[in-house]
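This is run-v1.cif. It holds mmCIF, C-alpha atoms; chains and numbers go by the auth columns.
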data_run
loop_
_atom_site.group_PDB
_atom_site.id
_atom_site.type_symbol
_atom_site.label_atom_id
_atom_site.label_comp_id
_atom_site.label_asym_id
_atom_site.label_seq_id
_atom_site.Cartn_x
_atom_site.Cartn_y
_atom_site.Cartn_z
_atom_site.B_iso_or_equiv
_atom_site.auth_seq_id
_atom_site.auth_asym_id
ATOM 1 C CA MET A 1 0.000 0.000 0.000 0.00 1 A
ATOM 2 C CA PHE A 2 1.226 3.485 -0.831 0.00 2 A
ATOM 3 C CA ARG A 3 -0.978 5.383 1.631 0.00 3 A
ATOM 4 C CA PRO A 4 1.307 4.931 4.662 0.00 4 A
ATOM 5 C CA LEU A 5 4.131 6.383 2.591 0.00 5 A
ATOM 6 C CA LEU A 6 1.994 9.469 1.940 0.00 6 A
ATOM 7 C CA GLY A 7 1.137 9.756 5.629 0.00 7 A
ATOM 8 C CA LEU A 8 -2.576 9.117 5.083 0.00 8 A
ATOM 9 C CA SER A 9 -4.181 6.015 6.561 0.00 9 A
ATOM 10 C CA GLU A 10 -7.344 4.472 5.196 0.00 10 A
ATOM 11 C CA ARG A 11 -9.367 5.759 8.166 0.00 11 A
ATOM 12 C CA ASP A 12 -7.992 9.273 7.700 0.00 12 A
ATOM 13 C CA LEU A 13 -8.921 9.167 4.017 0.00 13 A
ATOM 14 C CA GLU A 14 -12.488 8.025 4.811 0.00 14 A
ATOM 15 C CA ARG A 15 -12.844 10.702 7.464 0.00 15 A
ATOM 16 C CA GLN A 16 -11.608 13.438 5.132 0.00 16 A
ATOM 17 C CA LEU A 17 -13.926 12.336 2.309 0.00 17 A
ATOM 18 C CA LEU A 18 -16.875 12.379 4.719 0.00 18 A
ATOM 19 C CA ARG A 19 -15.985 15.870 5.949 0.00 19 A
ATOM 20 C CA ASN A 20 -15.689 17.144 2.386 0.00 20 A
ATOM 21 C CA SER A 21 -19.077 15.727 1.361 0.00 21 A
ATOM 22 C CA VAL A 22 -20.836 17.095 4.464 0.00 22 A
ATOM 23 C CA GLY A 23 -19.267 20.494 3.819 0.00 23 A
ATOM 24 C CA ARG A 24 -20.578 20.518 0.246 0.00 24 A
ATOM 25 C CA LEU A 25 -24.069 19.542 1.392 0.00 25 A
ATOM 26 C CA ARG A 26 -24.066 22.286 4.004 0.00 26 A
ATOM 27 C CA ALA A 27 -22.995 24.899 1.439 0.00 27 A
ATOM 28 C CA ASP A 28 -25.854 23.992 -0.930 0.00 28 A
ATOM 29 C CA ARG A 29 -28.682 23.940 1.601 0.00 29 A
ATOM 30 C CA HIS A 30 -31.161 26.680 2.355 0.00 30 A
ATOM 31 C CA ALA A 31 -31.365 27.585 6.028 0.00 31 A
ATOM 32 C CA CYS A 32 -33.537 29.899 8.099 0.00 32 A
ATOM 33 C CA ALA A 33 -31.900 33.310 8.466 0.00 33 A
ATOM 34 C CA ASP A 34 -33.028 33.522 12.110 0.00 34 A
ATOM 35 C CA CYS A 35 -32.470 30.068 13.644 0.00 35 A
ATOM 36 C CA GLY A 36 -30.279 28.335 11.046 0.00 36 A
ATOM 37 C CA ARG A 37 -32.626 25.339 10.808 0.00 37 A
ATOM 38 C CA THR A 38 -33.054 23.610 7.441 0.00 38 A
ATOM 39 C CA PRO A 39 -36.756 23.690 6.481 0.00 39 A
ATOM 40 C CA LEU A 40 -38.386 20.317 5.817 0.00 40 A
ATOM 41 C CA VAL A 41 -39.851 19.184 2.509 0.00 41 A
ATOM 42 C CA GLY A 42 -43.435 20.455 2.275 0.00 42 A
ATOM 43 C CA GLU A 43 -42.868 23.235 4.807 0.00 43 A
ATOM 44 C CA HIS A 44 -43.734 26.830 3.925 0.00 44 A
ATOM 45 C CA VAL A 45 -40.854 29.291 4.071 0.00 45 A
ATOM 46 C CA HIS A 46 -41.215 33.042 3.983 0.00 46 A
ATOM 47 C CA LEU A 47 -38.985 35.258 1.877 0.00 47 A
ATOM 48 C CA TYR A 48 -37.903 38.671 3.111 0.00 48 A
ATOM 49 C CA GLY A 49 -35.776 40.022 0.288 0.00 49 A
ATOM 50 C CA SER A 50 -32.887 37.576 -0.018 0.00 50 A
ATOM 51 C CA ARG A 51 -33.474 36.108 3.463 0.00 51 A
ATOM 52 C CA THR A 52 -35.407 32.879 4.037 0.00 52 A
ATOM 53 C CA VAL A 53 -37.350 32.461 7.296 0.00 53 A
ATOM 54 C CA CYS A 54 -38.948 29.191 8.449 0.00 54 A
ATOM 55 C CA GLN A 55 -42.497 28.760 9.771 0.00 55 A
ATOM 56 C CA LEU A 56 -41.276 28.607 13.358 0.00 56 A
ATOM 57 C CA CYS A 57 -39.495 31.980 13.180 0.00 57 A
ATOM 58 C CA ARG A 58 -42.162 33.798 11.127 0.00 58 A
ATOM 59 C CA PRO A 59 -44.223 34.899 14.195 0.00 59 A
ATOM 60 C CA HIS A 60 -41.163 36.737 15.576 0.00 60 A
ATOM 61 C CA ARG A 61 -41.174 39.170 12.654 0.00 61 A
ATOM 62 C CA ARG A 62 -43.618 42.050 12.437 0.00 62 A
ATOM 63 C CA ALA A 63 -43.277 42.770 8.715 0.00 63 A
ATOM 64 C CA GLU A 64 -45.196 40.767 6.151 0.00 64 A
ATOM 65 C CA PRO A 65 -43.052 38.510 3.941 0.00 65 A
ATOM 66 C CA GLU A 66 -42.595 39.418 0.281 0.00 66 A
ATOM 67 C CA SER A 67 -43.692 35.898 -0.617 0.00 67 A
ATOM 68 C CA THR A 68 -44.237 32.433 0.809 0.00 68 A
ATOM 69 C CA VAL A 69 -43.110 29.272 -0.974 0.00 69 A
ATOM 70 C CA VAL A 70 -43.194 25.535 -0.319 0.00 70 A
ATOM 71 C CA VAL A 71 -39.936 23.626 0.097 0.00 71 A
ATOM 72 C CA HIS A 72 -39.590 20.905 -2.548 0.00 72 A
ATOM 73 C CA HIS A 73 -37.383 17.836 -2.567 0.00 73 A
ATOM 74 C CA SER A 74 -33.899 18.382 -3.965 0.00 74 A
ATOM 75 C CA GLU A 75 -34.636 15.981 -6.841 0.00 75 A
ATOM 76 C CA ARG A 76 -36.673 18.793 -8.359 0.00 76 A
ATOM 77 C CA GLY A 77 -33.656 21.080 -8.628 0.00 77 A
ATOM 78 C CA GLN A 78 -33.415 23.933 -6.167 0.00 78 A
ATOM 79 C CA ALA A 79 -35.133 23.132 -2.886 0.00 79 A
ATOM 80 C CA VAL A 80 -36.821 26.537 -2.642 0.00 80 A
ATOM 81 C CA ARG A 81 -38.073 27.945 -5.890 0.00 81 A
ATOM 82 C CA LEU A 82 -40.897 30.181 -6.976 0.00 82 A
ATOM 83 C CA ARG A 83 -43.813 28.588 -8.810 0.00 83 A
ATOM 84 C CA ALA A 84 -46.920 30.134 -10.278 0.00 84 A
ATOM 85 C CA ARG A 85 -49.991 29.421 -8.190 0.00 85 A
ATOM 86 C CA ALA A 86 -52.672 27.341 -9.961 0.00 86 A
ATOM 87 C CA LEU A 87 -55.965 29.160 -10.392 0.00 87 A
#

Transcribe the structure of this file into structure tokens.
Amino acid sequence: MFRPLLGLSERDLERQLLRNSVGRLRADRHACADCGRTPLVGEHVHLYGSRTVCQLCRPHRRAEPESTVVVHHSERGQAVRLRARAL
């Protein structure tokens, strides 16, 4: 094995790969601007400009949100996206 020569054991490699993947997931997620919680699929989030606020933190704000959207599963592309309301 060449890894010991490079100073990287198999466990260290696994640990580093896991850290890298978790870091990428964290960077791509949408989080509440107030509490930092990731909204669940199907939950309504409220948009205040470029800030996203979850349902739990919405009552703490006096201003009305610019819009409210439903969180979709990541298989649909972006988790929070604007969609036209069906009439």

Item to check | Within 12 Å of Ala33 (chain A) using all atoms listed in the file, minus same-chain residues under 4 positions, as number ranges by chain | outcome: A: 37-39, 45-58, 61

Let me see the file: selected residues, C-alpha atoms, as a compact mmCIF listing (two decimals), in the frame of the given file.
# COMPACT_ATOMS: atom_id res chain seq x y z
CA ARG A 37 -32.63 25.34 10.81
CA THR A 38 -33.05 23.61 7.44
CA PRO A 39 -36.76 23.69 6.48
CA VAL A 45 -40.85 29.29 4.07
CA HIS A 46 -41.22 33.04 3.98
CA LEU A 47 -38.98 35.26 1.88
CA TYR A 48 -37.90 38.67 3.11
CA GLY A 49 -35.78 40.02 0.29
CA SER A 50 -32.89 37.58 -0.02
CA ARG A 51 -33.47 36.11 3.46
CA THR A 52 -35.41 32.88 4.04
CA VAL A 53 -37.35 32.46 7.30
CA CYS A 54 -38.95 29.19 8.45
CA GLN A 55 -42.50 28.76 9.77
CA LEU A 56 -41.28 28.61 13.36
CA CYS A 57 -39.49 31.98 13.18
CA ARG A 58 -42.16 33.80 11.13
CA ARG A 61 -41.17 39.17 12.65

Item to check | d(CA of Thr68 (chain A), CA of Gly42 (chain A)) in Å | outcome: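 Here the two named atoms are 12.1 Å from each other.
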
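Taking CA of Val71 (chain A) as the reference point, CA of Leu40 (chain A) is found at 6.8 Å.
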
Checklist entry - If you measure from CA of Val22 (chain A) to CA of Val69 (chain A), what distance in Å do you get, rounded to one decimal? => result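 Computing it gives 26.0 Å between the two atoms.
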
Next on the checklist: For Val41 (chain A), find every residue with an atom within 8 Å (counting all atoms listed in the file), except residues of its own chain fewer than 6 positions away, and show them as a PyMOL selection string.
Outcome noted: chain A and resi 70-73

Item to check | Distance criterion (all atoms listed in the file): nearest to His44 (chain A) out of A:Ser9, A:Ser67, A:Gln16, A:Ser21 | outcome: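 Going through A:Ser9, A:Ser67, A:Gln16, A:Ser21 one by one, the smallest distance to His44 (chain A) is for A:Ser67.
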
Item to check | Closest of A:Pro59, A:Gly7, A:Asp12, A:Glu64 to Asp34 (chain A) - atom-to-atom distances counting all atoms listed in the file | outcome: A:Pro59

Provide region 61-72 of chain A rebuilt to N, CA and C atoms, formatted as a CSV table (one decimal), keeping the file's coordinate frame.
chain,number,residue,atom,x,y,z
A,61,ARG,N,-41.4,38.0,13.5
A,61,ARG,CA,-41.2,39.2,12.7
A,61,ARG,C,-42.5,39.9,12.5
A,62,ARG,N,-42.4,41.2,12.6
A,62,ARG,CA,-43.6,42.0,12.4
A,62,ARG,C,-44.0,42.3,11.0
A,63,ALA,N,-43.0,42.5,10.1
A,63,ALA,CA,-43.3,42.8,8.7
A,63,ALA,C,-43.9,41.6,8.0
A,64,GLU,N,-44.6,41.8,7.0
A,64,GLU,CA,-45.2,40.8,6.2
A,64,GLU,C,-44.1,40.3,5.2
A,65,PRO,N,-44.0,39.0,4.9
A,65,PRO,CA,-43.1,38.5,3.9
A,65,PRO,C,-43.4,39.0,2.5
A,66,GLU,N,-42.4,39.1,1.7
A,66,GLU,CA,-42.6,39.4,0.3
A,66,GLU,C,-43.3,38.3,-0.4
A,67,SER,N,-43.0,37.1,-0.1
A,67,SER,CA,-43.7,35.9,-0.6
A,67,SER,C,-43.5,34.7,0.3
A,68,THR,N,-44.3,33.7,0.1
A,68,THR,CA,-44.2,32.4,0.8
A,68,THR,C,-44.2,31.3,-0.2
A,69,VAL,N,-43.3,30.4,0.0
A,69,VAL,CA,-43.1,29.3,-1.0
A,69,VAL,C,-43.0,28.0,-0.2
A,70,VAL,N,-43.3,26.9,-0.9
A,70,VAL,CA,-43.2,25.5,-0.3
A,70,VAL,C,-41.8,24.9,-0.7
A,71,VAL,N,-41.2,24.3,0.3
A,71,VAL,CA,-39.9,23.6,0.1
A,71,VAL,C,-40.2,22.3,-0.6
A,72,HIS,N,-39.5,22.1,-1.7
A,72,HIS,CA,-39.6,20.9,-2.5
A,72,HIS,C,-38.4,20.0,-2.3
